[in-house]
Amino acid sequence: MAMSASAELSKAVKQQYMELPQGDKVQVMYVWIDGTGEGLRCKTRTLDSEPKSIEELPEWNFDGSSTYQSEGSNSDMYLIPSAMFRDPFRKDPNKLVLCEVLKYNHKPAETNLRLTCKKVMDMVENQVPWFGMEQEYTILGTDGHPFGWPNNGFPGPQGPYYCGVGSDKAYGRDIVEAHYRACLYAGVMICGTNAEVMPAQWEFQVGPCEGINMGDHLWVARFILHRVCEDFGVVASFDPKPIPGNWNGAGCHTNFSTKEMREEGGLKAIEESIERLGKRHSYHIRAYDPKGGLDNARRLTGHHETSNIHEFSAGVANRGASIRIPRTVGQEKKGYFEDRRPSANCDPYAVTAALIRTCLLSEEGDEPVDY
């Protein structure tokens with residue numbers, strides 16, 4: 001399995017420099033989603049003092065022709081700071097800042113789905129929507145070969161790897177532990193992690209997050225994972241079906257509830273939402289991966305703990321359904337439901353906005369309403 005050359009550079013030598021005092025200056029890394037809707041980009045600037053709020057961060061710009069976001073003849077794009085976190089790589093007082101991207105005319109870039117998501121979330125703020133997203137990913141070498149897999153073959157069949165312990169079952173735990181601690185340091189609302197069904201596949205969970213925070217925290221958790229993997233010389237893949245055949249794909253199961261759903265008798269509101277979702281299945285499938293459903297078609301086959309992409313289904317404790325109601329929710333008649341359709345490479349802004357539009361704003365049809 002190939003690993004990046006930069007991973008072979010001496011981290012001990014680098015640490016000598018990272019321990020040098022930086023005076024009153026602060027390094028702020030601006031992070032944004034590029035034109036693919038999946039990739040992340042970043043660059044750093046120096047500020048004279050530690051910013052205490054997002055309002056203290058200046059807007060910035062970048063060359064959009066090099067990020068699939070504009071043409072070279074008119075390439076300036078604007079970075080609008082939107083959410084600030086502690087930097088787990090440079091440490092305090094340095095910051096990570098997730099940014100929205102605006103075009104030269106100050107309209108949102110095509111892959112800036114945060115702006116409309118925020119608008120939709122503000123409309124239902126009084127219903128206190130909570131989300132929790134379960135991000136699956138696969139650790140690969142730089143040649144695309146799964147981490148720890150034999151060079152010219154496959155590991156043993158699935159079965160012993162899910163939540164597995166031991167060198168022959170858990171592939172790459174160092175990366176998982178480093179990522180978890182880095183997220184906690186940054187202030188990301190990470191709430192758990194586990195090894196997944198396919199060897200070299202893992203999952204971390206983020207939430208519960210209210211409203212727009214879900215998208216912000218998941219994107220920053222993904223950025224931190226990419227940076228951690230960079231240090232280890234490997235690649236984190238969010239491909240929904242990285243290995244064809246009898247291997248599990250990777251999803252981003254999304255748990256959703258409102259204040260009404262969490263209160264006594266909330267199961268009625270849950271069932272009403274599921275009924276609305278059933279009438280708008282094709283719209284959600286298009287919103288749940290960056291290629292309008294094409295990526296998810298490789299994963300949602302009705303096998304390997306997935307539903308069929310062409311059919312909507314719901315059930316209590318059913319991991320082969322589109323929507324799963326946890327058994328405890330069925331018993332207590334309140335709580336939340338899990339939408340199992342989003343792909344691992346989904347945009348959380350698109351997923352959470354779609355759920356709000358259908359479940360709380362009662363939108364119908366195949367197109368979102370323009371508010």
# chains A, B, ... in the order shown; residues from 1 in each chain; ligands from 1
call {"tool": "closest_atom_pairs", "arguments": {"of": "segment 141-167 of chain A", "to": "segment 184-206 of chain A", "cutoff": "8 Å", "atoms": "only C-alpha atoms", "output": "tab-separated table"}}
result
residue	atom	partner	partner_atom	distance
A:Pro146	CA	A:Ala200	CA	6.3
A:Phe147	CA	A:Ala200	CA	5.7
A:Gly148	CA	A:Ala200	CA	6.9
A:Trp149	CA	A:Pro199	CA	7.9
A:Pro155	CA	A:Pro199	CA	7.7
A:Gln158	CA	A:Met198	CA	6.0
A:Gly159	CA	A:Val197	CA	6.8
A:Pro160	CA	A:Val197	CA	7.9
A:Tyr161	CA	A:Val197	CA	5.5
A:Tyr162	CA	A:Val197	CA	4.3
A:Cys163	CA	A:Ala195	CA	4.6
A:Gly164	CA	A:Ala195	CA	6.3
call {"tool": "write_last_selection", "arguments": {"atoms": "C-alpha atoms", "output": "short mmCIF file (atom, residue, chain, number, x, y, z; two decimals), in the first residue's frame"}}
result
data_model
loop_
_atom_site.label_atom_id
_atom_site.label_comp_id
_atom_site.auth_asym_id
_atom_site.auth_seq_id
_atom_site.Cartn_x
_atom_site.Cartn_y
_atom_site.Cartn_z
CA PRO A 146 -7.71 0.04 1.46
CA PHE A 147 -5.44 0.43 4.46
CA GLY A 148 -4.26 -2.91 5.84
CA TRP A 149 -5.69 -5.03 3.04
CA PRO A 155 -9.08 -9.74 3.87
CA GLN A 158 -17.16 -9.23 6.79
CA GLY A 159 -18.26 -10.26 10.25
CA PRO A 160 -15.45 -9.72 12.80
CA TYR A 161 -14.63 -6.09 11.95
CA TYR A 162 -17.66 -4.06 13.17
CA CYS A 163 -16.63 -2.56 16.56
CA GLY A 164 -13.72 -5.01 16.36
#
call {"tool": "residues_around", "arguments": {"residues": "segment 102-105 of chain A", "least_positions_apart": "2", "cutoff": "7 Å", "atoms": "only C-alpha atoms", "output": "PyMOL selection string"}}
result
chain A and resi 76-79+100+107-109
call {"tool": "select_by_dssp", "arguments": {"residues": "segment 179-323 of chain A", "states": "helix (DSSP H, G or I)", "output": "number ranges by chain"}}
result
A: 179-186, 213-232, 259-262, 267-278, 281-287, 294-297
call {"tool": "closest_atom_pairs", "arguments": {"of": "segment 67-135 of chain A", "to": "segment 213-237 of chain A", "cutoff": "12 Å", "atoms": "only C-alpha atoms", "output": "JSON lines"}}
result
{"residue": "A:Pro81", "atom": "CA", "partner": "A:Asp216", "partner_atom": "CA", "distance": 11.3}
{"residue": "A:Ser82", "atom": "CA", "partner": "A:Asp216", "partner_atom": "CA", "distance": 8.4}
{"residue": "A:Ala83", "atom": "CA", "partner": "A:Asp216", "partner_atom": "CA", "distance": 6.8}
{"residue": "A:Met84", "atom": "CA", "partner": "A:Asp216", "partner_atom": "CA", "distance": 9.3}
{"residue": "A:Phe85", "atom": "CA", "partner": "A:Val220", "partner_atom": "CA", "distance": 8.4}
{"residue": "A:Arg86", "atom": "CA", "partner": "A:Val220", "partner_atom": "CA", "distance": 10.7}
{"residue": "A:Asp87", "atom": "CA", "partner": "A:Ile224", "partner_atom": "CA", "distance": 9.3}
{"residue": "A:Pro88", "atom": "CA", "partner": "A:Ile224", "partner_atom": "CA", "distance": 8.4}
{"residue": "A:Phe89", "atom": "CA", "partner": "A:Arg227", "partner_atom": "CA", "distance": 8.6}
{"residue": "A:Arg90", "atom": "CA", "partner": "A:Arg227", "partner_atom": "CA", "distance": 11.8}
{"residue": "A:Lys95", "atom": "CA", "partner": "A:Val220", "partner_atom": "CA", "distance": 11.8}
{"residue": "A:Leu96", "atom": "CA", "partner": "A:Val220", "partner_atom": "CA", "distance": 8.4}
{"residue": "A:Val97", "atom": "CA", "partner": "A:Val220", "partner_atom": "CA", "distance": 8.7}
{"residue": "A:Leu98", "atom": "CA", "partner": "A:Val220", "partner_atom": "CA", "distance": 7.0}
{"residue": "A:Cys99", "atom": "CA", "partner": "A:Asp216", "partner_atom": "CA", "distance": 9.3}
{"residue": "A:Glu100", "atom": "CA", "partner": "A:Asp216", "partner_atom": "CA", "distance": 10.3}
{"residue": "A:Asn112", "atom": "CA", "partner": "A:Gly215", "partner_atom": "CA", "distance": 11.6}
{"residue": "A:Leu113", "atom": "CA", "partner": "A:Gly215", "partner_atom": "CA", "distance": 9.7}
{"residue": "A:Arg114", "atom": "CA", "partner": "A:Gly215", "partner_atom": "CA", "distance": 7.8}
{"residue": "A:Leu115", "atom": "CA", "partner": "A:Gly215", "partner_atom": "CA", "distance": 11.2}
{"residue": "A:Cys117", "atom": "CA", "partner": "A:Gly215", "partner_atom": "CA", "distance": 8.9}
{"residue": "A:Lys118", "atom": "CA", "partner": "A:Asn213", "partner_atom": "CA", "distance": 9.3}
{"residue": "A:Met121", "atom": "CA", "partner": "A:Asn213", "partner_atom": "CA", "distance": 9.9}
{"residue": "A:Asp122", "atom": "CA", "partner": "A:Asn213", "partner_atom": "CA", "distance": 11.8}
{"residue": "A:Pro129", "atom": "CA", "partner": "A:Met214", "partner_atom": "CA", "distance": 10.1}
{"residue": "A:Trp130", "atom": "CA", "partner": "A:Met214", "partner_atom": "CA", "distance": 8.2}
{"residue": "A:Phe131", "atom": "CA", "partner": "A:Met214", "partner_atom": "CA", "distance": 6.3}
{"residue": "A:Gly132", "atom": "CA", "partner": "A:Met214", "partner_atom": "CA", "distance": 7.3}
{"residue": "A:Met133", "atom": "CA", "partner": "A:Leu218", "partner_atom": "CA", "distance": 7.8}
{"residue": "A:Glu134", "atom": "CA", "partner": "A:Leu218", "partner_atom": "CA", "distance": 9.4}
{"residue": "A:Gln135", "atom": "CA", "partner": "A:Leu218", "partner_atom": "CA", "distance": 8.2}
call {"tool": "atom_distance", "arguments": {"atom1": "atom CA of Thr142 of chain A", "atom2": "atom CA of Ala297 of chain A"}}
result
25.3 Å
